[in-house]
Amino acid sequence: MFSTKSNMIIVCRCVDCEGTGKVEMTRYTFTGLDEKPCYTCDGYGVIEYSELYESVEDALEDYPEALKINFASNCL
């Protein structure tokens, strides 16, 4: 039996930096807050997941907060 699932790229806002790409770090030698690039999304503010789904609707069930869902190109 053949699988009807396709590889999809799901783009979601990073929850650690709330999509800003930066996180505030407290320094012991500095009295204020220092902003650094987010370690989870590398400063982009979004995270991409690659998963197999039969449809975009199926992907949205698992990722309702998705900003964008695209079919991945299968270039080898």
# chains A, B, ... in the order shown; residues from 1 in each chain; ligands from 1

$ select_by_dssp --residues "chain A" --states "helix (DSSP H, G or I)" --output "list of chain:residue names"
A:Val56, A:Glu57, A:Asp58, A:Ala59, A:Leu60, A:Glu61, A:Asp62

$ write_last_selection --atoms "C-alpha atoms" --output "CSV table (one decimal), in the first residue's frame"
chain,number,residue,atom,x,y,z
A,56,VAL,CA,-2.7,21.0,5.3
A,57,GLU,CA,-5.8,20.6,7.5
A,58,ASP,CA,-4.2,17.6,9.3
A,59,ALA,CA,-1.1,19.7,9.9
A,60,LEU,CA,-3.2,22.5,11.4
A,61,GLU,CA,-4.7,20.1,13.9
A,62,ASP,CA,-1.3,19.5,15.3

$ closest_residue --among "A:Tyr63, A:Cys17, A:Leu52, A:Lys68" --to "A:Lys5" --atoms "only C-alpha atoms"
A:Leu52

$ select_by_dssp --residues "chain A" --states "strand (DSSP E or B)" --output "ChimeraX atom specification"
/A:6-13,22-26,33-37,46-53,68-71

$ write_last_selection --atoms "C-alpha atoms" --output "mmCIF file, in the first residue's frame"
data_model
loop_
_atom_site.group_PDB
_atom_site.id
_atom_site.type_symbol
_atom_site.label_atom_id
_atom_site.label_comp_id
_atom_site.auth_asym_id
_atom_site.auth_seq_id
_atom_site.Cartn_x
_atom_site.Cartn_y
_atom_site.Cartn_z
ATOM 1 C CA SER A 6 3.524 14.515 1.951
ATOM 2 C CA ASN A 7 6.448 16.227 3.609
ATOM 3 C CA MET A 8 5.332 19.632 4.879
ATOM 4 C CA ILE A 9 7.234 22.536 6.364
ATOM 5 C CA ILE A 10 5.356 24.128 9.265
ATOM 6 C CA VAL A 11 6.531 27.570 10.400
ATOM 7 C CA CYS A 12 5.609 28.629 13.947
ATOM 8 C CA ARG A 13 6.447 31.619 16.100
ATOM 9 C CA LYS A 22 15.827 38.145 21.182
ATOM 10 C CA VAL A 23 15.819 37.099 24.817
ATOM 11 C CA GLU A 24 16.720 39.161 27.840
ATOM 12 C CA MET A 25 19.588 37.853 29.922
ATOM 13 C CA THR A 26 20.444 39.076 33.413
ATOM 14 C CA LEU A 33 18.958 43.476 31.197
ATOM 15 C CA ASP A 34 21.050 42.502 28.218
ATOM 16 C CA GLU A 35 19.362 41.274 25.002
ATOM 17 C CA LYS A 36 20.893 38.295 23.220
ATOM 18 C CA PRO A 37 19.768 36.376 20.110
ATOM 19 C CA VAL A 46 10.330 31.436 14.042
ATOM 20 C CA ILE A 47 10.921 27.684 14.116
ATOM 21 C CA GLU A 48 10.415 25.329 11.172
ATOM 22 C CA TYR A 49 9.219 21.770 11.575
ATOM 23 C CA SER A 50 9.305 19.149 8.824
ATOM 24 C CA GLU A 51 6.656 16.430 9.153
ATOM 25 C CA LEU A 52 4.534 14.092 7.068
ATOM 26 C CA TYR A 53 0.804 14.845 6.694
ATOM 27 C CA LYS A 68 2.689 29.158 7.358
ATOM 28 C CA ILE A 69 2.445 25.589 6.049
ATOM 29 C CA ASN A 70 4.098 24.618 2.761
ATOM 30 C CA PHE A 71 4.702 21.389 0.907
#

$ atom_distance --atom1 "atom CA of A:Gly43" --atom2 "atom CA of A:Pro64"
22.6 Å

$ closest_residue --among "A:Thr4, A:Ser55, A:Tyr44, A:Tyr39" --to "A:Gly21" --atoms "only C-alpha atoms"
A:Tyr44
